[in-house]
Amino acid sequence: MRRGTSVYVHFPFCARRCPYCDFATIARSPQEVPGSAYADAVLRELEGRHTELEGRHLASIFFGGGTPTLWDAEALGRVLAAIRAAFPTAEDELEITVECNPSSLDRAKARALADAGVNRLSIGVQSLSDERLRFLGRLHDARGAIRAIEAAREHVERVSVDFIFGLPGQDRAALLAELDALRPFSLEHLSLYALTIEEGTPFHELRKKGRLPVATDDEYATLFLAAEEALGALGYEHYEVSNYARPGRESRHNAHYWRGHAYLGLGAAAVGCLDEGVGRARRRKNVIEPDAYLRDPLAPPAESERLDAEDLLREALMLGLRTSRGVDLADVRERTGLDLLEARRAPIARRMELGDLVVEDGHLRVPRSRWLSLDAIVVDLF
Ligand code: SF4
């Protein structure tokens, strides 16, 4: 079996923390970001873990964060080249994505990233309304977002945009107007996330005090369906609950992840999960504090957990049922040694009778019309 493995590199610095974000990242001014030292640390980690990569096939690379566009392209390019060299084999058209913040993406940066070998940019636009961008505490305004998209489009063929919906004052018409403003760019990919209030964030504090107006479940549902209809009319396929793509332009890195396949996490707080034979894998989360990581990138992980066949089966359900293709039954059997239809026979039969699940072409999937009930369906199968 070819052991396709993706790589996620976490860049844990942002110019400013957004009040809704609970990602592992710290605020540093662009001048204070230790870009070269951080690249050296990631290279040391990669070198120290090279035996874990023996016999693996590189499936995709994703630089996320944080704000990887605060990393100078030369340093990022060094890491990228080392990752490619660390794997004995790789996909012919290797997808290499960098997450971008509009406030640190201009034409020069887009060109430098493309020169370094990056072929996909994912831009955290979040909104095209100045008022809503202010609410989200973002550093860019709508014009800045458009400029970043134009810069990306000019230098990189594959561009994706992240959007947040369910923001105060964002009714159906407002969301559709924002999505419509993206039309001239013929983007190949869009990620549309509902605003979630995470514990430990300033938004969570505001909400506890009753000072954060958030959309109700019904309002979220209305916006979710409105976006699906509008983007469908523009030729996008709703291929994962929060993701849309033009045919054939899905994110390969995310698709790999949603299939539950192996990935290596590099960098502070990076999470990875590598298979260790049929029905066995190990998930690890690197040391979280960037300064601690810079001191010793090979320090014992903050978390390390063995996964057995049942854990892997649950993971496959949780991730795979979010996609329009569903869970590949043969692939799950190959990776876990378990027959999913047997292992969950009663709840699957019950949900199939309700029309919440179908088995088709060797896949178990939730019909798109039931995606708003996805969480309850997945819980039922746990
Ligand atoms: S820029 Fe992104 S990663 Fe950084 S704080 Fe804001 S939402 Fe979080």
# chains A, B, ... in the order shown; residues from 1 in each chain; ligands from 1
call {"tool": "residues_near_ligand", "arguments": {"ligand": "ligand 1", "cutoff": "6 Å", "atoms": "only C-alpha atoms and all ligand atoms", "output": "tab-separated table (two decimals) with all heavy atoms, in the first residue's frame"}}
result
chain	number	residue	atom	x	y	z
A	14	CYS	N	1.04	36.12	14.38
A	14	CYS	CA	0.10	37.00	13.68
A	14	CYS	C	0.44	38.43	14.06
A	14	CYS	O	0.93	38.68	15.17
A	14	CYS	CB	-1.34	36.72	14.11
A	14	CYS	SG	-1.94	35.14	13.52
A	17	ARG	N	-3.97	39.58	17.24
A	17	ARG	CA	-4.91	38.50	17.48
A	17	ARG	C	-6.32	38.96	17.15
A	17	ARG	O	-6.74	40.06	17.53
A	17	ARG	CB	-4.89	38.10	18.97
A	17	ARG	CG	-3.60	37.47	19.41
A	17	ARG	CD	-3.52	35.99	19.11
A	17	ARG	NE	-4.63	35.25	19.68
A	17	ARG	CZ	-4.98	34.02	19.30
A	17	ARG	NH1	-4.29	33.42	18.34
A	17	ARG	NH2	-5.99	33.40	19.85
A	18	CYS	N	-7.07	38.14	16.43
A	18	CYS	CA	-8.47	38.46	16.16
A	18	CYS	C	-9.32	37.96	17.35
A	18	CYS	O	-9.03	36.90	17.91
A	18	CYS	CB	-8.93	37.78	14.87
A	18	CYS	SG	-7.91	38.21	13.45
A	21	CYS	N	-10.61	34.24	17.54
A	21	CYS	CA	-9.72	33.15	17.14
A	21	CYS	C	-9.15	32.40	18.34
A	21	CYS	O	-8.68	33.02	19.30
A	21	CYS	CB	-8.58	33.74	16.32
A	21	CYS	SG	-7.34	32.52	15.84
A	23	PHE	N	-6.86	29.82	17.64
A	23	PHE	CA	-5.74	29.06	17.09
A	23	PHE	C	-4.47	29.31	17.91
A	23	PHE	O	-4.35	30.32	18.60
A	23	PHE	CB	-5.47	29.45	15.63
A	23	PHE	CG	-6.56	29.06	14.69
A	23	PHE	CD1	-6.66	29.65	13.44
A	23	PHE	CD2	-7.51	28.11	15.05
A	23	PHE	CE1	-7.68	29.30	12.56
A	23	PHE	CE2	-8.52	27.75	14.18
A	23	PHE	CZ	-8.61	28.35	12.94
A	65	GLY	N	-1.59	28.72	9.81
A	65	GLY	CA	-1.19	29.48	11.00
A	65	GLY	C	-2.35	29.85	11.86
A	65	GLY	O	-3.39	29.20	11.82
A	66	GLY	N	-2.14	30.96	12.52
A	66	GLY	CA	-1.14	31.99	12.31
A	66	GLY	C	-1.23	32.65	10.92
A	66	GLY	O	-2.19	32.51	10.19
A	67	THR	N	-0.19	33.38	10.64
A	67	THR	CA	-0.14	34.15	9.39
A	67	THR	C	1.15	33.83	8.65
A	67	THR	O	2.15	34.56	8.80
A	67	THR	CB	-0.24	35.67	9.69
A	67	THR	OG1	-1.42	35.91	10.47
A	67	THR	CG2	-0.32	36.47	8.41
call {"tool": "residues_around", "arguments": {"residues": "segment 259-268 of chain A", "least_positions_apart": "6", "cutoff": "7 Å", "atoms": "only C-alpha atoms", "output": "PyMOL selection string"}}
result
chain A and resi 4-12+42+274-275+286-290+293+315-316+319-320
call {"tool": "residues_around", "arguments": {"residues": "Val214 of chain A", "least_positions_apart": "4", "cutoff": "8 Å", "atoms": "only C-alpha atoms", "output": "list in words"}}
result
Gly166, Leu167 and Pro168 of chain A
call {"tool": "write_last_selection", "arguments": {"atoms": "all heavy atoms", "output": "JSON list (two decimals), in the first residue's frame"}}
result
[["chain", "number", "residue", "atom", "x", "y", "z"],
["A", 166, "GLY", "N", -22.85, 34.54, 9.27],
["A", 166, "GLY", "CA", -23.57, 34.54, 10.55],
["A", 166, "GLY", "C", -23.14, 35.72, 11.41],
["A", 166, "GLY", "O", -23.26, 35.68, 12.63],
["A", 167, "LEU", "N", -22.63, 36.79, 10.77],
["A", 167, "LEU", "CA", -22.16, 37.95, 11.52],
["A", 167, "LEU", "C", -23.32, 38.92, 11.76],
["A", 167, "LEU", "O", -24.30, 38.92, 11.00],
["A", 167, "LEU", "CB", -21.05, 38.65, 10.72],
["A", 167, "LEU", "CG", -19.85, 37.76, 10.38],
["A", 167, "LEU", "CD1", -18.87, 38.48, 9.48],
["A", 167, "LEU", "CD2", -19.16, 37.33, 11.68],
["A", 168, "PRO", "N", -23.22, 39.75, 12.80],
["A", 168, "PRO", "CA", -24.31, 40.69, 13.09],
["A", 168, "PRO", "C", -24.66, 41.53, 11.86],
["A", 168, "PRO", "O", -23.76, 42.03, 11.18],
["A", 168, "PRO", "CB", -23.73, 41.56, 14.21],
["A", 168, "PRO", "CG", -22.70, 40.72, 14.86],
["A", 168, "PRO", "CD", -22.13, 39.85, 13.78]]
call {"tool": "select_by_dssp", "arguments": {"residues": "segment 122-236 of chain A", "states": "strand (DSSP E or B)", "output": "ChimeraX atom specification"}}
result
/A:122-126,158-165,189-194
call {"tool": "atom_distance", "arguments": {"atom1": "atom CA of Tyr20 of chain A", "atom2": "atom CA of Phe165 of chain A"}}
result
12.9 Å
call {"tool": "residues_around", "arguments": {"residues": "Ala142 of chain A", "least_positions_apart": "5", "cutoff": "7 Å", "atoms": "only C-alpha atoms", "output": "PyMOL selection string"}}
result
chain A and resi 128-130
